[in-house]
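Visitor: File follows, entry03.txt with compact mmCIF, C-alpha atoms:
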# COMPACT_ATOMS: atom_id res chain seq x y z
CA MET O 140 81.74 124.97 105.22
CA THR O 141 81.29 127.96 102.87
CA GLY O 142 83.77 130.81 102.62
CA THR O 143 84.62 133.75 100.38
CA ILE O 144 87.63 134.41 98.16
CA GLN O 145 89.10 137.89 98.42
CA ASN O 146 90.84 139.63 95.48
CA ARG O 147 90.62 136.54 93.28
CA SER O 148 90.42 138.41 89.98
CA LYS O 149 93.32 140.71 90.82
CA PHE O 150 95.46 137.75 91.85
CA LEU O 151 94.74 135.86 88.61
CA GLU O 152 95.38 138.96 86.51
CA THR O 153 98.78 139.40 88.17
CA LEU O 154 99.71 135.81 87.38
CA PHE O 155 98.58 136.29 83.77
CA GLU O 156 100.80 139.36 83.41
CA LYS O 157 103.79 137.64 85.00
CA ARG O 158 103.74 134.91 82.38
CA GLY O 159 103.70 137.39 79.55
CA GLY O 160 99.98 137.46 78.89
CA VAL O 161 100.02 133.90 77.59
CA GLU O 162 97.13 131.67 78.59
CA LEU O 163 98.50 128.25 79.50
CA PRO O 164 96.50 125.20 78.43
CA PHE O 165 94.98 123.01 81.11
CA GLU O 166 97.06 119.89 81.63
CA PRO O 167 95.45 117.28 83.89
CA TYR O 168 97.74 115.29 86.15
CA VAL O 169 98.73 111.95 84.66
CA PRO O 170 100.64 109.51 86.88
CA ILE O 171 103.89 108.35 85.31
CA SER O 172 103.47 104.85 86.81
CA ASP O 173 101.38 102.77 89.18
CA LEU O 174 104.33 102.24 91.53
CA PRO O 175 102.68 103.92 94.56
CA GLU O 176 99.81 101.43 94.39
CA THR O 177 101.72 98.30 93.39
CA HIS O 178 104.98 98.56 95.37
CA LEU O 179 104.96 95.73 97.98
CA ALA O 180 101.31 94.98 97.15
CA HIS O 181 102.19 91.51 95.84
CA LEU O 182 103.69 90.35 99.13
CA THR O 183 101.99 87.98 101.56
CA THR O 184 101.02 89.01 105.08
CA GLU O 185 104.00 87.16 106.54
CA GLU O 186 106.38 88.81 104.08
CA LEU O 187 104.99 92.24 104.96
CA LEU O 188 105.34 91.43 108.66
CA ASP O 189 109.01 90.55 108.13
CA ILE O 190 109.53 93.96 106.51
CA ALA O 191 107.71 95.65 109.39
CA LYS O 192 109.90 93.87 111.96
CA GLU O 193 113.08 95.02 110.27
CA GLN O 194 111.83 98.57 109.90
CA ALA O 195 110.57 98.69 113.51
CA SER O 196 114.10 98.07 114.76
CA ARG O 197 115.34 100.91 112.55
CA VAL O 198 112.86 103.38 114.04
CA SER O 199 113.60 102.22 117.62
CA ALA O 200 110.16 100.66 118.14
CA ASN O 201 109.54 97.38 119.96
CA LEU O 202 107.44 94.89 117.99
CA ILE O 203 105.76 92.04 119.85
CA GLU O 204 103.69 89.33 118.19
CA THR O 205 100.85 87.75 120.14
CA SER O 206 97.38 86.24 119.90
CA SER O 207 94.02 87.62 120.99
CA PHE O 208 94.08 85.11 123.86
CA GLU O 209 97.39 86.44 125.23
CA MET O 210 96.95 90.08 124.14
CA ASN O 211 95.75 91.51 127.46
CA GLU O 212 98.48 89.75 129.41
CA VAL O 213 101.09 91.18 127.03
CA ILE O 214 99.62 94.67 127.56
CA ARG O 215 99.72 94.16 131.34
CA GLN O 216 103.37 93.11 131.20
CA LEU O 217 104.31 96.08 129.03
CA ILE O 218 102.59 98.48 131.44
CA GLU O 219 104.49 96.90 134.32
CA LYS O 220 107.76 97.02 132.36
CA SER O 221 107.14 100.71 131.66
CA GLY O 222 106.92 101.44 135.38
CA GLY O 223 103.16 101.39 135.88
CA GLY O 224 101.66 104.65 137.02
CA GLN O 225 98.78 106.42 135.34
CA VAL O 226 97.50 104.72 132.19
CA MET O 227 95.34 106.53 129.65
CA ILE O 228 92.98 104.95 127.14
CA PRO O 229 90.68 106.44 124.46
CA SER O 230 86.88 106.60 124.62
CA THR O 231 86.17 104.73 121.41
CA ASP O 232 84.48 101.40 120.73
CA GLU O 233 87.72 99.82 119.44
CA PHE O 234 88.62 98.18 122.76
CA GLU O 235 85.24 96.49 123.06
CA LYS O 236 85.32 95.31 119.44
CA LEU O 237 88.77 93.78 119.80
CA GLY O 238 88.48 92.51 123.37
CA VAL O 239 91.16 94.83 124.75
CA ASN O 240 90.98 95.03 128.54
CA VAL O 241 93.47 97.34 130.23
CA ILE O 242 93.79 96.72 133.96
CA SER O 243 95.32 99.45 136.11
CA ASP O 244 94.54 101.02 139.47
CA GLN O 245 95.39 104.39 137.89
CA LEU O 246 93.36 104.11 134.71
CA VAL O 247 92.05 107.32 133.13
CA LYS O 248 89.84 107.60 130.08
CA TRP O 249 89.68 110.35 127.48
CA LYS O 250 86.63 112.51 128.12
CA ILE O 251 84.50 113.43 125.13
CA GLY O 252 83.51 117.08 124.73
CA LYS O 253 85.37 120.32 124.05
CA GLU O 254 84.66 121.44 127.60
CA ASN O 255 87.08 118.67 128.75
CA ARG O 256 89.97 119.83 126.56
CA ASP O 257 92.25 121.10 129.34
CA GLU O 258 91.44 118.15 131.59
CA ASN O 259 92.28 115.71 128.80
CA ILE O 260 95.57 117.44 128.03
CA ASN O 261 96.58 117.40 131.70
CA ALA O 262 95.59 113.75 132.02
CA ALA O 263 97.67 112.82 128.97
CA GLN O 264 100.63 114.83 130.21
CA ASN O 265 100.48 113.10 133.60
CA SER O 266 100.10 109.61 132.14
CA ASN O 267 103.09 107.31 132.06
CA VAL O 268 101.46 104.91 129.58
CA VAL O 269 98.84 105.16 126.85
CA VAL O 270 97.17 102.20 125.16
CA ALA O 271 95.51 102.84 121.81
CA VAL O 272 94.49 101.11 118.58
CA PRO O 273 95.53 102.49 115.17
CA LYS O 274 93.46 102.58 112.02
CA PHE O 275 96.34 101.12 110.01
CA PHE O 276 99.88 99.82 110.36
CA LEU O 277 102.19 100.52 107.40
CA ALA O 278 104.61 97.64 106.89
CA GLU O 279 107.01 99.58 104.67
CA SER O 280 107.90 102.12 107.36
CA ALA O 281 106.61 100.48 110.58
CA THR O 282 104.20 103.38 110.95
CA ILE O 283 100.94 103.47 112.88
CA VAL O 284 98.18 105.68 111.49
CA VAL O 285 95.99 107.15 114.23
CA GLU O 286 93.03 109.46 114.00
CA SER O 287 92.20 112.41 116.24
CA GLU O 288 88.48 112.36 116.91
CA ALA O 289 86.01 112.94 119.74
CA GLY O 290 87.19 109.90 121.70
CA GLN O 291 90.93 110.51 121.34
CA GLY O 292 92.67 113.81 120.72
CA ARG O 293 96.23 114.54 119.67
CA SER O 294 97.54 114.85 123.21
CA LEU O 295 96.58 111.24 123.93
CA HIS O 296 99.07 110.09 121.30
CA PHE O 297 101.91 112.52 121.97
CA LEU O 298 102.10 113.40 125.68
CA PRO O 299 102.34 110.12 127.65
CA THR O 300 105.83 108.72 128.20
CA HIS O 301 105.22 105.18 126.95
CA TYR O 302 102.97 104.21 124.04
CA ILE O 303 101.39 100.79 123.51
CA SER O 304 99.78 100.36 120.11
CA VAL O 305 97.53 97.30 119.86
CA ILE O 306 97.55 96.39 116.16
CA PRO O 307 95.26 93.76 114.62
CA LEU O 308 97.29 92.07 111.89
CA SER O 309 94.34 92.62 109.53
CA ARG O 310 95.04 96.35 109.70
CA MET O 311 98.55 96.02 108.30
CA VAL O 312 98.87 97.36 104.75
CA PRO O 313 101.94 97.59 102.51
CA ARG O 314 102.39 101.37 102.61
CA SER O 315 100.72 104.77 103.00
CA THR O 316 99.03 104.54 99.58
CA GLN O 317 96.51 101.96 100.79
CA ALA O 318 95.75 103.84 104.00
CA ALA O 319 95.29 107.12 102.15
CA ALA O 320 92.88 105.49 99.70
CA TRP O 321 90.73 104.20 102.58
CA PHE O 322 90.61 107.58 104.30
CA ASP O 323 89.77 109.28 101.02
CA GLU O 324 86.75 107.01 100.73
CA HIS O 325 85.72 107.36 104.39
CA LYS O 326 86.17 111.09 104.96
CA LYS O 327 85.18 112.44 108.39
CA PRO O 328 84.81 116.20 108.97
CA GLY O 329 87.20 117.61 111.54
CA SER O 330 89.32 114.49 111.75
CA THR O 331 93.12 114.70 111.86
CA LEU O 332 95.46 111.88 110.86
CA HIS O 333 98.83 111.21 112.45
CA PHE O 334 101.52 108.96 111.00
CA ILE O 335 103.79 107.81 113.84
CA SER O 336 106.97 105.84 113.15
CA GLY O 337 108.46 104.81 116.47
CA PRO O 338 109.24 107.12 119.40
CA SER O 339 109.97 110.78 118.77
CA ASN O 340 113.58 111.59 117.95
CA SER O 341 115.89 114.29 116.70
CA GLY O 342 117.37 112.29 113.83
CA ASP O 343 116.84 115.18 111.41
CA ILE O 344 118.57 117.75 113.62
CA GLU O 345 122.36 118.06 113.26
CA MET O 346 122.49 114.30 112.56
CA GLN O 347 122.42 113.62 116.30
CA LEU O 348 119.87 110.95 117.20
CA VAL O 349 118.13 111.57 120.52
CA VAL O 350 115.17 109.21 121.03
CA GLY O 351 112.18 110.51 122.94
CA LEU O 352 113.10 114.15 122.60
CA HIS O 353 109.64 115.69 122.22
CA GLY O 354 107.13 112.86 122.61
CA PRO O 355 106.87 109.27 123.86
CA LEU O 356 110.20 107.82 124.97
CA GLU O 357 109.13 104.34 123.91
CA ILE O 358 106.62 102.80 121.51
CA ASN O 359 105.52 99.19 121.59
CA TYR O 360 103.76 97.64 118.61
CA VAL O 361 101.65 94.71 119.81
CA ILE O 362 100.74 92.76 116.67
CA VAL O 363 97.70 90.56 117.30
CA LYS O 364 98.00 87.93 114.62
CA ASP O 365 94.50 86.47 114.79
CA LEU O 366 92.58 89.75 114.70
Can you give me the file's structure in the form of structure tokens?
Guide:
Amino acid sequence: MTGTIQNRSKFLETLFEKRGGVELPFEPYVPISDLPETHLAHLTTEELLDIAKEQASRVSANLIETSSFEMNEVIRQLIEKSGGGQVMIPSTDEFEKLGVNVISDQLVKWKIGKENRDENINAAQNSNVVVAVPKFFLAESATIVVESEAGQGRSLHFLPTHYISVIPLSRMVPRSTQAAAWFDEHKKPGSTLHFISGPSNSGDIEMQLVVGLHGPLEINYVIVKDL
């Protein structure tokens, strides 16, 4: 995408005058340490999972461990526990790759194409449950990293009442640094990333915690240990 810069010279001249006409030398950014990359990186998968479990309880998320053999039954039970109703799933190839099979008599699928925007938003808003697969799971903060793309828009992740995140254990990384590095290497035009740590809440407003205030009331992390 090519654009134009308006009034660039005038803007730079103003900055130059404001600092007394002194040209500042270029100083490249030099990290003061490698802590962002190395913090928690030495831990084993089981040790990271223990951290994720503890953090999940702090962010009011439910974490369930299972196997690929029992995964679909766990999903079915969670849907039932959530009250059933309309269930929404994305239109990506993740379910087929991982063997995820969501069974519901009120199953709706995200429709690809900008002409389906309003229909998708309404479907998400009317869904009691959504089942989706994240790109990464951050152990440090019990955060799922999801991507808005053609097969799953933002409303799929934020409008349904109950959220079931099916997480292959192989997608768990220590912290955001590792996820950011992967996305930096695999850039996709028009893609939006969302970092979701448990259900929505008002913990930063007047120090009064209200869970599920402006998004899903409940989030379930289904960790599939052999995927």
Visitor: Show me, as a VMD selection string, the residues that have an atom within 12 Å of Asp189 in chain O when counting all atoms listed in the file, minus same-chain residues fewer than 3 positions from it.
Guide: chain O and resid 182 to 186 192 to 196 202 204 278 to 281 311 313
Visitor: Which residue, O:His333, O:Lys220, O:Arg147, O:Arg314, has the smallest gap to Leu179 in chain O when you use all atoms listed in the file?
Guide: O:Arg314
Visitor: Considering only C-alpha atoms, state which residue in the set O:Ala180, O:Val247, O:Val161, O:Ala318 is at the smallest distance from Lys274 in chain O.
Guide: O:Ala318
Visitor: Select, from O:Asn359, O:Asn265, O:Ser199, O:Thr205, the residue with the minimum atom-to-atom distance to Gly224 in chain O, counting all atoms listed in the file.
Guide: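 Of all the options, O:Asn265 lies closest to Gly224 in chain O.
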Visitor: Write out as a VMD selection string which residues come within 9 Å of range 233-241 of chain O when counting all atoms listed in the file, dropping same-chain ones fewer than 2 positions away.
Guide: chain O and resid 207 210 to 211 214 to 215 226 228 to 231 243 246 270 to 272 305 307 366
Visitor: Have a look at CA of His301 in chain O and CA of Glu258 in chain O and let me know their distance in Å, one decimal.
Guide: 19.5 Å
Visitor: Please determine, counting all atoms listed in the file, which residue among O:Val169, O:Asn201, O:Leu295, O:Ala289 has the shortest atom-to-atom distance to Asp232 in chain O.
Guide: O:Ala289
Visitor: Hey, can you check how far CA of Lys250 in chain O sits from CA of Ser287 in chain O?
Guide: 13.1 Å
Visitor: Provide the CA of Pro273 in chain O to CA of Arg310 in chain O distance in Å, to one decimal place.
Guide: 8.2 Å
Visitor: At a cut-off of 10 Å, using only C-alpha atoms, what residues contact Gln225 in chain O? Leave out same-chain residues fewer than 4 positions from it and give the result as a count of residues only.
Guide: 14
Visitor: Compare O:Ser294, O:Gln317, O:Gln264, O:Asn255 by their minimum atom-to-atom distance to Phe276 in chain O, counting all atoms listed in the file, and give me the closest one.
Guide: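 When distances to Phe276 in chain O are compared using all atoms listed in the file, the smallest one comes from O:Gln317.
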Visitor: Using all atoms listed in the file, which residue out of O:Ile251, O:Phe275, O:Leu308, O:Gln291 lies closest to Leu187 in chain O?
Guide: O:Leu308
